[in-house]
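Trainee: This structure is in structure tokens; I'll ask about it shortly.
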Amino acid sequence: MNISTWNETIRRLCLAALFAIALTFAGVNFALPATAPTDILGEYICSGSQQGDAYTMYLKVEAYGETYQLAWRKEQDADPNLVGLGVRDKDVLAAALLSQNGGMGTALYRISPKRLDGTWTRGDGHADT
């Protein structure tokens, strides 16, 4: 690289730095555009471990205003064994649960495309996945 090319490169870098500083002080926001949140409505097959025992359940998530209604079933077309009301904050869904026998619990899910990964409890002192 000859000296004139080097000087031109330094001049351009200095101008770019000054431009960036000026924009910073001008309050220009360079945030990336927000992406649409992942749609979580629909039906899921849940599998995991409850106190060491493997289980499979079916979860249906429906919109209820700004919240979500959740229904867990042991068999796909059966009445719900658990129902819940959930709220979403970015990529997290939190829900309060109520079982058929009146037991209460909570669930906390991390949202990713076509998937909910989480931990839950029925209020018995155990956290399950």
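We name chains A, B, ... following the order of the structure tokens; residues begin at 1 in each chain, and ligands are numbered from 1 as shown.
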For stretch 80-97 of chain A, please output as a PDB file with N, CA and C atoms, in the first residue's frame all residues within 12 Å (counting only C-alpha atoms; exclusion window: fewer than 6 positions along the same chain).
Mentor:
ATOM      1  N   ALA A  34     -38.002  -4.909  15.046  1.00  0.00           N
ATOM      2  CA  ALA A  34     -38.560  -5.967  15.891  1.00  0.00           C
ATOM      3  C   ALA A  34     -39.108  -7.082  15.014  1.00  0.00           C
ATOM      4  N   THR A  35     -38.893  -8.305  15.442  1.00  0.00           N
ATOM      5  CA  THR A  35     -39.448  -9.435  14.723  1.00  0.00           C
ATOM      6  C   THR A  35     -40.782  -9.802  15.350  1.00  0.00           C
ATOM      7  N   ALA A  36     -41.645 -10.355  14.550  1.00  0.00           N
ATOM      8  CA  ALA A  36     -42.958 -10.756  15.048  1.00  0.00           C
ATOM      9  C   ALA A  36     -42.778 -11.884  16.061  1.00  0.00           C
ATOM     10  N   PRO A  37     -43.544 -11.853  17.161  1.00  0.00           N
ATOM     11  CA  PRO A  37     -43.414 -12.937  18.139  1.00  0.00           C
ATOM     12  C   PRO A  37     -43.871 -14.265  17.542  1.00  0.00           C
ATOM     13  N   THR A  38     -43.291 -15.332  18.024  1.00  0.00           N
ATOM     14  CA  THR A  38     -43.661 -16.673  17.589  1.00  0.00           C
ATOM     15  C   THR A  38     -45.110 -16.951  17.967  1.00  0.00           C
ATOM     16  N   ASP A  39     -45.885 -17.441  17.023  1.00  0.00           N
ATOM     17  CA  ASP A  39     -47.274 -17.807  17.290  1.00  0.00           C
ATOM     18  C   ASP A  39     -47.277 -19.081  18.129  1.00  0.00           C
ATOM     19  N   ILE A  40     -47.941 -19.058  19.275  1.00  0.00           N
ATOM     20  CA  ILE A  40     -47.947 -20.235  20.151  1.00  0.00           C
ATOM     21  C   ILE A  40     -49.305 -20.926  20.186  1.00  0.00           C
ATOM     22  N   LEU A  41     -50.285 -20.410  19.443  1.00  0.00           N
ATOM     23  CA  LEU A  41     -51.605 -21.030  19.449  1.00  0.00           C
ATOM     24  C   LEU A  41     -51.541 -22.374  18.745  1.00  0.00           C
ATOM     25  N   MET A  57     -48.579 -36.062  27.482  1.00  0.00           N
ATOM     26  CA  MET A  57     -49.877 -35.392  27.555  1.00  0.00           C
ATOM     27  C   MET A  57     -50.039 -34.536  26.302  1.00  0.00           C
ATOM     28  N   TYR A  58     -51.234 -34.047  26.107  1.00  0.00           N
ATOM     29  CA  TYR A  58     -51.548 -33.184  24.971  1.00  0.00           C
ATOM     30  C   TYR A  58     -51.960 -31.821  25.505  1.00  0.00           C
ATOM     31  N   LEU A  59     -51.392 -30.774  24.941  1.00  0.00           N
ATOM     32  CA  LEU A  59     -51.660 -29.409  25.383  1.00  0.00           C
ATOM     33  C   LEU A  59     -52.279 -28.625  24.245  1.00  0.00           C
ATOM     34  N   LYS A  60     -53.364 -27.921  24.549  1.00  0.00           N
ATOM     35  CA  LYS A  60     -53.979 -27.013  23.585  1.00  0.00           C
ATOM     36  C   LYS A  60     -53.867 -25.592  24.135  1.00  0.00           C
ATOM     37  N   VAL A  61     -53.351 -24.673  23.313  1.00  0.00           N
ATOM     38  CA  VAL A  61     -53.186 -23.268  23.691  1.00  0.00           C
ATOM     39  C   VAL A  61     -54.108 -22.431  22.812  1.00  0.00           C
ATOM     40  N   GLU A  62     -54.991 -21.656  23.457  1.00  0.00           N
ATOM     41  CA  GLU A  62     -55.917 -20.776  22.741  1.00  0.00           C
ATOM     42  C   GLU A  62     -55.783 -19.356  23.264  1.00  0.00           C
ATOM     43  N   ALA A  63     -56.059 -18.394  22.394  1.00  0.00           N
ATOM     44  CA  ALA A  63     -56.028 -16.986  22.800  1.00  0.00           C
ATOM     45  C   ALA A  63     -57.246 -16.673  23.653  1.00  0.00           C
ATOM     46  N   TYR A  64     -57.045 -15.824  24.655  1.00  0.00           N
ATOM     47  CA  TYR A  64     -58.130 -15.334  25.502  1.00  0.00           C
ATOM     48  C   TYR A  64     -57.813 -13.875  25.793  1.00  0.00           C
ATOM     49  N   GLY A  65     -58.218 -12.989  24.889  1.00  0.00           N
ATOM     50  CA  GLY A  65     -57.851 -11.582  25.000  1.00  0.00           C
ATOM     51  C   GLY A  65     -56.344 -11.451  24.866  1.00  0.00           C
ATOM     52  N   GLU A  66     -55.720 -10.815  25.828  1.00  0.00           N
ATOM     53  CA  GLU A  66     -54.266 -10.657  25.838  1.00  0.00           C
ATOM     54  C   GLU A  66     -53.575 -11.795  26.588  1.00  0.00           C
ATOM     55  N   THR A  67     -54.337 -12.798  26.988  1.00  0.00           N
ATOM     56  CA  THR A  67     -53.802 -13.934  27.731  1.00  0.00           C
ATOM     57  C   THR A  67     -54.039 -15.215  26.934  1.00  0.00           C
ATOM     58  N   TYR A  68     -53.748 -16.345  27.545  1.00  0.00           N
ATOM     59  CA  TYR A  68     -53.892 -17.639  26.880  1.00  0.00           C
ATOM     60  C   TYR A  68     -54.610 -18.616  27.794  1.00  0.00           C
ATOM     61  N   GLN A  69     -55.521 -19.409  27.215  1.00  0.00           N
ATOM     62  CA  GLN A  69     -56.129 -20.529  27.916  1.00  0.00           C
ATOM     63  C   GLN A  69     -55.362 -21.780  27.516  1.00  0.00           C
ATOM     64  N   LEU A  70     -55.043 -22.604  28.499  1.00  0.00           N
ATOM     65  CA  LEU A  70     -54.307 -23.831  28.252  1.00  0.00           C
ATOM     66  C   LEU A  70     -55.114 -25.005  28.794  1.00  0.00           C
ATOM     67  N   ALA A  71     -55.070 -26.133  28.078  1.00  0.00           N
ATOM     68  CA  ALA A  71     -55.753 -27.346  28.528  1.00  0.00           C
ATOM     69  C   ALA A  71     -54.849 -28.539  28.247  1.00  0.00           C
ATOM     70  N   TRP A  72     -54.539 -29.294  29.310  1.00  0.00           N
ATOM     71  CA  TRP A  72     -53.695 -30.492  29.200  1.00  0.00           C
ATOM     72  C   TRP A  72     -54.589 -31.720  29.305  1.00  0.00           C
ATOM     73  N   ARG A  73     -54.368 -32.692  28.428  1.00  0.00           N
ATOM     74  CA  ARG A  73     -55.149 -33.931  28.411  1.00  0.00           C
ATOM     75  C   ARG A  73     -54.207 -35.133  28.404  1.00  0.00           C
ATOM     76  N   LYS A  74     -54.605 -36.194  29.109  1.00  0.00           N
ATOM     77  CA  LYS A  74     -53.827 -37.444  29.061  1.00  0.00           C
ATOM     78  C   LYS A  74     -54.070 -38.167  27.746  1.00  0.00           C
ATOM     79  N   GLY A 103     -56.494 -29.206  42.682  1.00  0.00           N
ATOM     80  CA  GLY A 103     -55.105 -28.883  42.968  1.00  0.00           C
ATOM     81  C   GLY A 103     -54.613 -27.764  42.066  1.00  0.00           C
ATOM     82  N   MET A 104     -53.731 -26.927  42.601  1.00  0.00           N
ATOM     83  CA  MET A 104     -53.214 -25.804  41.832  1.00  0.00           C
ATOM     84  C   MET A 104     -51.727 -25.962  41.596  1.00  0.00           C
ATOM     85  N   GLY A 105     -51.232 -25.294  40.557  1.00  0.00           N
ATOM     86  CA  GLY A 105     -49.817 -25.330  40.251  1.00  0.00           C
ATOM     87  C   GLY A 105     -49.449 -24.220  39.294  1.00  0.00           C
ATOM     88  N   THR A 106     -48.227 -24.274  38.802  1.00  0.00           N
ATOM     89  CA  THR A 106     -47.738 -23.282  37.852  1.00  0.00           C
ATOM     90  C   THR A 106     -46.920 -23.979  36.766  1.00  0.00           C
ATOM     91  N   ALA A 107     -46.801 -23.297  35.630  1.00  0.00           N
ATOM     92  CA  ALA A 107     -45.949 -23.776  34.539  1.00  0.00           C
ATOM     93  C   ALA A 107     -45.205 -22.582  33.972  1.00  0.00           C
ATOM     94  N   LEU A 108     -43.982 -22.812  33.556  1.00  0.00           N
ATOM     95  CA  LEU A 108     -43.155 -21.769  32.955  1.00  0.00           C
ATOM     96  C   LEU A 108     -42.500 -22.366  31.716  1.00  0.00           C
ATOM     97  N   TYR A 109     -42.830 -21.788  30.549  1.00  0.00           N
ATOM     98  CA  TYR A 109     -42.334 -22.313  29.276  1.00  0.00           C
ATOM     99  C   TYR A 109     -41.461 -21.297  28.566  1.00  0.00           C
ATOM    100  N   ARG A 110     -40.386 -21.756  27.960  1.00  0.00           N
ATOM    101  CA  ARG A 110     -39.568 -20.960  27.042  1.00  0.00           C
ATOM    102  C   ARG A 110     -40.121 -21.242  25.653  1.00  0.00           C
ATOM    103  N   ILE A 111     -40.442 -20.168  24.907  1.00  0.00           N
ATOM    104  CA  ILE A 111     -41.065 -20.286  23.596  1.00  0.00           C
ATOM    105  C   ILE A 111     -39.999 -20.285  22.504  1.00  0.00           C
ATOM    106  N   SER A 112     -40.093 -21.243  21.598  1.00  0.00           N
ATOM    107  CA  SER A 112     -39.287 -21.252  20.381  1.00  0.00           C
ATOM    108  C   SER A 112     -40.217 -21.715  19.262  1.00  0.00           C
ATOM    109  N   PRO A 113     -39.835 -21.549  18.010  1.00  0.00           N
ATOM    110  CA  PRO A 113     -40.748 -21.921  16.929  1.00  0.00           C
ATOM    111  C   PRO A 113     -41.253 -23.359  17.049  1.00  0.00           C
ATOM    112  N   ARG A 115     -42.447 -24.979  19.442  1.00  0.00           N
ATOM    113  CA  ARG A 115     -42.008 -25.734  20.617  1.00  0.00           C
ATOM    114  C   ARG A 115     -42.155 -24.886  21.882  1.00  0.00           C
ATOM    115  N   LEU A 116     -42.561 -25.542  22.971  1.00  0.00           N
ATOM    116  CA  LEU A 116     -42.580 -24.942  24.305  1.00  0.00           C
ATOM    117  C   LEU A 116     -41.772 -25.864  25.209  1.00  0.00           C
ATOM    118  N   ASP A 117     -40.734 -25.343  25.836  1.00  0.00           N
ATOM    119  CA  ASP A 117     -39.925 -26.133  26.767  1.00  0.00           C
ATOM    120  C   ASP A 117     -40.107 -25.544  28.153  1.00  0.00           C
ATOM    121  N   GLY A 118     -40.414 -26.386  29.128  1.00  0.00           N
ATOM    122  CA  GLY A 118     -40.670 -25.785  30.417  1.00  0.00           C
ATOM    123  C   GLY A 118     -40.556 -26.685  31.614  1.00  0.00           C
ATOM    124  N   THR A 119     -40.891 -26.064  32.726  1.00  0.00           N
ATOM    125  CA  THR A 119     -40.915 -26.698  34.029  1.00  0.00           C
ATOM    126  C   THR A 119     -42.266 -26.380  34.654  1.00  0.00           C
ATOM    127  N   TRP A 120     -42.816 -27.317  35.401  1.00  0.00           N
ATOM    128  CA  TRP A 120     -44.121 -27.099  36.019  1.00  0.00           C
ATOM    129  C   TRP A 120     -44.195 -27.812  37.357  1.00  0.00           C
ATOM    130  N   THR A 121     -45.185 -27.413  38.120  1.00  0.00           N
ATOM    131  CA  THR A 121     -45.447 -28.069  39.396  1.00  0.00           C
ATOM    132  C   THR A 121     -46.950 -28.091  39.639  1.00  0.00           C
ATOM    133  N   ARG A 122     -47.397 -29.088  40.356  1.00  0.00           N
ATOM    134  CA  ARG A 122     -48.808 -29.160  40.769  1.00  0.00           C
ATOM    135  C   ARG A 122     -48.948 -28.702  42.219  1.00  0.00           C
ATOM    136  N   GLY A 123     -47.965 -28.019  42.713  1.00  0.00           N
ATOM    137  CA  GLY A 123     -48.047 -27.500  44.076  1.00  0.00           C
ATOM    138  C   GLY A 123     -47.722 -28.525  45.139  1.00  0.00           C
TER     139      GLY A 123
END
Trainee: Which residues in stretch 41-112 of chain A does DSSP call strand (DSSP E)? List them as an MDAnalysis selection string.
Mentor: chainID A and resid 42:50 53:64 67:73 82:89 92:99 104:112
Trainee: Can you work out the spacing between atom CA of A:Ile45 and atom CA of A:Ala78 in Å, to one decimal?
Mentor: 13.9 Å
Trainee: To one decimal in Å, tell me the separation between atom CA of A:Gln51 and atom CA of A:Asn101.
Mentor: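 Interatomic distance, atom CA of A:Gln51 to atom CA of A:Asn101: 19.2 Å.
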Trainee: Counting only C-alpha atoms, which residue out of A:Gly125, A:Lys114, A:Glu43, A:Ser99 sits closest to A:Asp77?
Mentor: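 Smallest separation from A:Asp77 among the options: A:Glu43.
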Trainee: What gap, in Å, lies between atom CA of A:Cys46 and atom CA of A:His126?
Mentor: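 Here the two named atoms are 17.8 Å from each other.
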